[in-house]
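Novice: Following this message is one structure expressed as structure tokens.
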Amino acid sequence: MKTKYIKKEKDYHLLSFEEWEKKYKPIHKSNGNIFFDTHSEKDLKFIKEFQNKNSILNCWTLVDGDDELYIDSGLRWINRMEYVITEIPRESKDILVQAEY
């Protein structure tokens, strides 16, 4: 797996995938995957119910950013690929995670 490094954007805290995974503990679906489909009614229902019981601070988006993939804090609509839900809520609203592919 290759890691593409992104530049730290203003006001964002930047983490490696390993740091993020260890700290926030992404929830695995029954198939072992951590990614929730942005077009699946079942996945979107789960995300909405989880968010209502917990917090938006547990929600993340895998984003296609031109030449790089990254996980951005929050539920994004533009360039979204998949959603991720974590057990541990983030303490900051602005975190970028280096995605590996």
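Letters A, B, ... go to the chains of the structure tokens in the order shown; residues in each chain start at 1; ligands are counted from 1 in the same order.
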Any idea what's packed within 12 Å of A:Leu44, counting only C-alpha atoms, ignoring anything in its chain fewer than 6 positions away? Could you give it as a list of chain:residue names?
Specialist: A:Phe35, A:Phe36, A:Asp37, A:Thr38, A:Phe50, A:Gln51, A:Cys59, A:Leu75, A:Glu82, A:Tyr83, A:Val84, A:Ile85
Novice: When DSSP is applied to the backbone of this structure, which of chain A are assigned helix (DSSP H, G or I)? Write them out as a list of chain:residue names.
Specialist: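 Checking each residue of chain A, the helix (DSSP H, G or I) ones are A:Phe17, A:Glu18, A:Glu19, A:Trp20, A:Glu21, A:Lys22, A:Lys23, A:Tyr24, A:Glu41, A:Lys42, A:Asp43, A:Leu44, A:Lys45, A:Phe46, A:Ile47, A:Lys48, A:Glu49, A:Phe50, A:Gln51, A:Asn52, A:Lys53, A:Ile56, A:Leu57, A:Asn58.
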Novice: Nearest to A:Lys22 among A:Asn52, A:Ser40, A:Ser73, A:Thr86, with distances taken over only C-alpha atoms: which residue is it?
Specialist: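 Going through A:Asn52, A:Ser40, A:Ser73, A:Thr86 one by one, the smallest distance to A:Lys22 is for A:Thr86.
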Novice: To one decimal place in Å, what is the distance between atom CA of A:Glu87 and atom CA of A:Pro26?
Specialist: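 Between atom CA of A:Glu87 and atom CA of A:Pro26 the gap is 6.1 Å.
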Novice: Calculate how many Å separate atom CA of A:Asp72 from atom CA of A:Pro89, rounding to one decimal.
Specialist: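 Pair atom CA of A:Asp72 / atom CA of A:Pro89 returns 13.4 Å.
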Novice: Among chain A, which residues does DSSP mark as strand (DSSP E or B) when it is run on the backbone? Keep the chain and numbering as in the structure and answer as a PyMOL selection string.
Specialist: chain A and resi 3+13-15+26+36-37+59-65+68-73+80-86+95-98+100
Novice: In terms of the shortest atom-to-atom distance over only C-alpha atoms, which of A:His28, A:Glu18, A:Glu91, A:Ala99 is closest to A:Ile71?
Specialist: A:Ala99
Novice: Select, from A:Gln98, A:Asn33, A:Asn54, A:Asn79, the residue with the minimum atom-to-atom distance to A:Leu15, counting only C-alpha atoms.
Specialist: A:Gln98
Novice: With distances taken over only C-alpha atoms, which residue among A:Ser16, A:Lys23, A:Gly32, A:Ile88 lies nearest A:Tyr70?
Specialist: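 That would be A:Ser16, the residue with the smallest distance to A:Tyr70.
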Novice: Which residue out of A:Met81, A:Ser92, A:Asn31, A:Leu62 has the minimum interatomic distance to A:Phe17 when only C-alpha atoms are used?
Specialist: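 Closest to A:Phe17, using only C-alpha atoms: A:Leu62.
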Novice: Which residue gives the smallest distance to A:Asp94 among A:Asp64, A:Leu57, A:Lys42, A:Trp20, with only C-alpha atoms counted?
Specialist: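 Closest to A:Asp94 of all the choices is A:Leu57.
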